[in-house]
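Trainee: Pasting in a structure now, in structure tokens, and then I'll have a few things to ask.
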Amino acid sequence: MNEVEKTTSYPWLKQYDRGIPHSLQPYPEQTLLDISAESANMRPDHPAMIFKGARISYSELERLSDIFAAALIDLGIKKGDRIALMLPNCPQFVICQFGAWKAGAIVVPLNPFYTPSELEHGLKEVEANTAVVLTPFYEKLKSIQLNTSLDFFILTNIKEYL
């Protein structure tokens with residue numbers, strides 16, 4: 001496909017600044033999970049995350065996300081199931097996101113500061129049956145559970161990484 005055909009088939013390409021490539025080539029075809037696992041093999045003790053001074057290495061991220069993936073599978077989570085993460089920016093979000101992906105689940109981030117009606121609407125749309133929630137936000141999510149497809153709650157506390 002030449003440049004004229006590309007901009008006709010993909011009109012948004014006309015909006016790209018000069019010099020911006022129209023494809024992701026030459027980026028490798030790897031997922032973030034692949035890159036994280038490779039980093040854990042090459043530099044296991046190197047920090048993958050630093051949160052409030054606490055360091056979580058790539059090998060620890062792999063270990064914890066593997067454990068979370070196994071726990072989700074034990075709960076009956078299957079490929080394509082939706083897992084809601086009602087967490088702020090914290091290590092648990094990354095661990096749960098990677099673990100959910102490893103289990104084949106689709107991650108649905110939820111803003112912890114949504115109102116109950118906003119949460120209910122979002123959860124009904126995605127039909128998540130499991131939610132990982134930071135303990136201060138549990139009651140808000142629990143209050144709408146009967147109006148959603150949520151069956152399981154996994155609670156975590158920010159103090160685990162302070």
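Numbering starts fresh at 1 for the residues of each chain in the structure tokens, the chains themselves are lettered A, B, ... in the order given, and ligands are numbered from 1 as they appear.
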Mind checking which residues fall within 8 Å of Val107 (chain A), counting only C-alpha atoms, ignoring those fewer than 3 positions away in the same chain, and posting them as an MDAnalysis selection string?
Mentor: chainID A and resid 82:85 97 100:101
Trainee: Write out the residues from the selection above, keeping all heavy atoms, as a tab-separated table (two decimals), in the first residue's frame.
Mentor:
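Okay, selection.tsv is ready:
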chain	number	residue	atom	x	y	z
A	82	ARG	N	-13.62	-10.70	33.09
A	82	ARG	CA	-13.20	-9.34	33.46
A	82	ARG	C	-12.93	-9.26	34.95
A	82	ARG	O	-13.73	-9.72	35.76
A	82	ARG	CB	-14.28	-8.33	33.10
A	82	ARG	CG	-14.20	-7.88	31.66
A	82	ARG	CD	-15.24	-8.60	30.87
A	82	ARG	NE	-15.29	-8.08	29.50
A	82	ARG	CZ	-15.39	-8.88	28.46
A	82	ARG	NH1	-15.44	-10.18	28.62
A	82	ARG	NH2	-15.45	-8.37	27.26
A	83	ILE	N	-11.80	-8.64	35.26
A	83	ILE	CA	-11.38	-8.40	36.65
A	83	ILE	C	-11.30	-6.90	36.84
A	83	ILE	O	-10.54	-6.22	36.15
A	83	ILE	CB	-9.98	-9.01	36.93
A	83	ILE	CG1	-9.91	-10.48	36.55
A	83	ILE	CG2	-9.57	-8.76	38.37
A	83	ILE	CD1	-10.82	-11.37	37.33
A	84	ALA	N	-12.10	-6.38	37.76
A	84	ALA	CA	-12.07	-4.94	38.06
A	84	ALA	C	-10.97	-4.67	39.09
A	84	ALA	O	-10.85	-5.39	40.08
A	84	ALA	CB	-13.42	-4.50	38.60
A	85	LEU	N	-10.19	-3.64	38.83
A	85	LEU	CA	-9.16	-3.21	39.78
A	85	LEU	C	-9.54	-1.82	40.27
A	85	LEU	O	-9.44	-0.84	39.54
A	85	LEU	CB	-7.77	-3.18	39.13
A	85	LEU	CG	-7.24	-4.46	38.53
A	85	LEU	CD1	-5.83	-4.26	37.98
A	85	LEU	CD2	-7.27	-5.59	39.54
A	97	GLN	N	-2.65	-6.49	37.76
A	97	GLN	CA	-2.82	-6.38	36.31
A	97	GLN	C	-2.02	-7.46	35.60
A	97	GLN	O	-2.55	-8.16	34.74
A	97	GLN	CB	-2.39	-5.00	35.82
A	97	GLN	CG	-2.59	-4.82	34.34
A	97	GLN	CD	-2.45	-3.38	33.91
A	97	GLN	OE1	-1.81	-2.57	34.56
A	97	GLN	NE2	-3.06	-3.05	32.79
A	100	ALA	N	-3.61	-10.90	36.36
A	100	ALA	CA	-4.87	-11.09	35.62
A	100	ALA	C	-4.57	-11.42	34.16
A	100	ALA	O	-5.19	-12.32	33.59
A	100	ALA	CB	-5.74	-9.85	35.74
A	101	TRP	N	-3.64	-10.70	33.57
A	101	TRP	CA	-3.27	-11.00	32.18
A	101	TRP	C	-2.72	-12.41	32.05
A	101	TRP	O	-3.05	-13.13	31.11
A	101	TRP	CB	-2.24	-10.00	31.68
A	101	TRP	CG	-2.76	-8.63	31.39
A	101	TRP	CD1	-4.07	-8.24	31.24
A	101	TRP	CD2	-1.98	-7.45	31.23
A	101	TRP	NE1	-4.13	-6.89	30.99
A	101	TRP	CE2	-2.86	-6.37	30.98
A	101	TRP	CE3	-0.61	-7.18	31.29
A	101	TRP	CZ2	-2.42	-5.08	30.76
A	101	TRP	CZ3	-0.17	-5.89	31.07
A	101	TRP	CH2	-1.07	-4.85	30.81
Trainee: One number please: CA of Cys96 (chain A) to CA of Ile67 (chain A), in Å, one decimal.
Mentor: 9.7 Å
Trainee: For Val132 (chain A), work out the shell of residues within 12 Å, counting only C-alpha atoms and skipping chain neighbours fewer than 6 positions away, then give it as a PyMOL selection string.
Mentor: chain A and resi 68+72+82-88+92-97+99-100+107-112+138+141-142+150-157
Trainee: When you count only C-alpha atoms, which of these residues is closest to Pro116 (chain A): A:Val133, A:Gly104, A:Asn147, A:Phe98?
Mentor: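 Using only C-alpha atoms, the shortest distance to Pro116 (chain A) belongs to A:Asn147.
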Trainee: Would you mind listing what lies within 9 Å of region 36-46 of chain A as an MDAnalysis selection string, with only C-alpha atoms counted and same-chain residues fewer than 4 positions away left out?
Mentor: chainID A and resid 31:32 55:62
Trainee: So that I have them on file, write out the residues from the current selection with N, CA, C and O atoms, as a tab-separated table (two decimals), in the first residue's frame.
Mentor:
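part.tsv written:
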chain	number	residue	atom	x	y	z
A	31	THR	N	4.67	-8.72	24.29
A	31	THR	CA	3.75	-8.09	25.22
A	31	THR	C	4.54	-7.51	26.38
A	31	THR	O	5.73	-7.80	26.56
A	32	LEU	N	3.87	-6.72	27.19
A	32	LEU	CA	4.50	-6.19	28.39
A	32	LEU	C	4.90	-7.34	29.33
A	32	LEU	O	5.93	-7.28	30.00
A	55	ARG	N	11.14	-0.96	47.25
A	55	ARG	CA	11.56	-1.43	45.92
A	55	ARG	C	11.02	-2.83	45.69
A	55	ARG	O	11.14	-3.69	46.55
A	56	ILE	N	10.44	-3.04	44.52
A	56	ILE	CA	9.96	-4.35	44.11
A	56	ILE	C	10.75	-4.72	42.86
A	56	ILE	O	10.68	-4.02	41.85
A	57	SER	N	11.51	-5.80	42.96
A	57	SER	CA	12.37	-6.21	41.85
A	57	SER	C	11.54	-6.88	40.75
A	57	SER	O	10.40	-7.30	40.97
A	58	TYR	N	12.17	-7.03	39.59
A	58	TYR	CA	11.50	-7.73	38.50
A	58	TYR	C	11.19	-9.18	38.87
A	58	TYR	O	10.11	-9.69	38.56
A	59	SER	N	12.12	-9.83	39.58
A	59	SER	CA	11.85	-11.22	39.96
A	59	SER	C	10.71	-11.29	40.97
A	59	SER	O	9.88	-12.21	40.92
A	60	GLU	N	10.62	-10.32	41.86
A	60	GLU	CA	9.52	-10.29	42.83
A	60	GLU	C	8.19	-10.00	42.13
A	60	GLU	O	7.17	-10.59	42.46
A	61	LEU	N	8.21	-9.09	41.17
A	61	LEU	CA	7.00	-8.81	40.39
A	61	LEU	C	6.52	-10.06	39.67
A	61	LEU	O	5.33	-10.37	39.67
A	62	GLU	N	7.44	-10.80	39.08
A	62	GLU	CA	7.08	-12.06	38.40
A	62	GLU	C	6.49	-13.05	39.39
A	62	GLU	O	5.46	-13.66	39.13
Trainee: Nearest residue to Ala103 (chain A) out of A:Ile35, A:Ile50, A:Val126, A:Ala70, using only C-alpha atoms?
Mentor: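 Among A:Ile35, A:Ile50, A:Val126, A:Ala70, it is A:Ala70 that comes nearest to Ala103 (chain A).
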Trainee: Please compute the CA of Ile144 (chain A)-CA of Ile158 (chain A) distance, one decimal, in Å.
Mentor: 22.7 Å
Trainee: From a backbone DSSP assignment, name each residue in region 25-144 of chain A labelled strand (DSSP E or B), as an NGL selection string.
Mentor: :A and (47-51 or 54-57 or 82-86 or 106-109 or 130-134)
Trainee: Rank A:Ser117, A:Ser9, A:Thr135, A:Thr130 by their smallest atom-to-atom distance to Ala71 (chain A), using only C-alpha atoms, and report the top residue only.
Mentor: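 Under the stated criterion, the closest residue is A:Thr130.
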Trainee: Name the residues of chain A that come out as alpha helix (DSSP H) in a backbone DSSP run; write them as a ChimeraX atom specification.
Mentor: /A:3-9,32-42,58-75,91-102,116-126,138-142
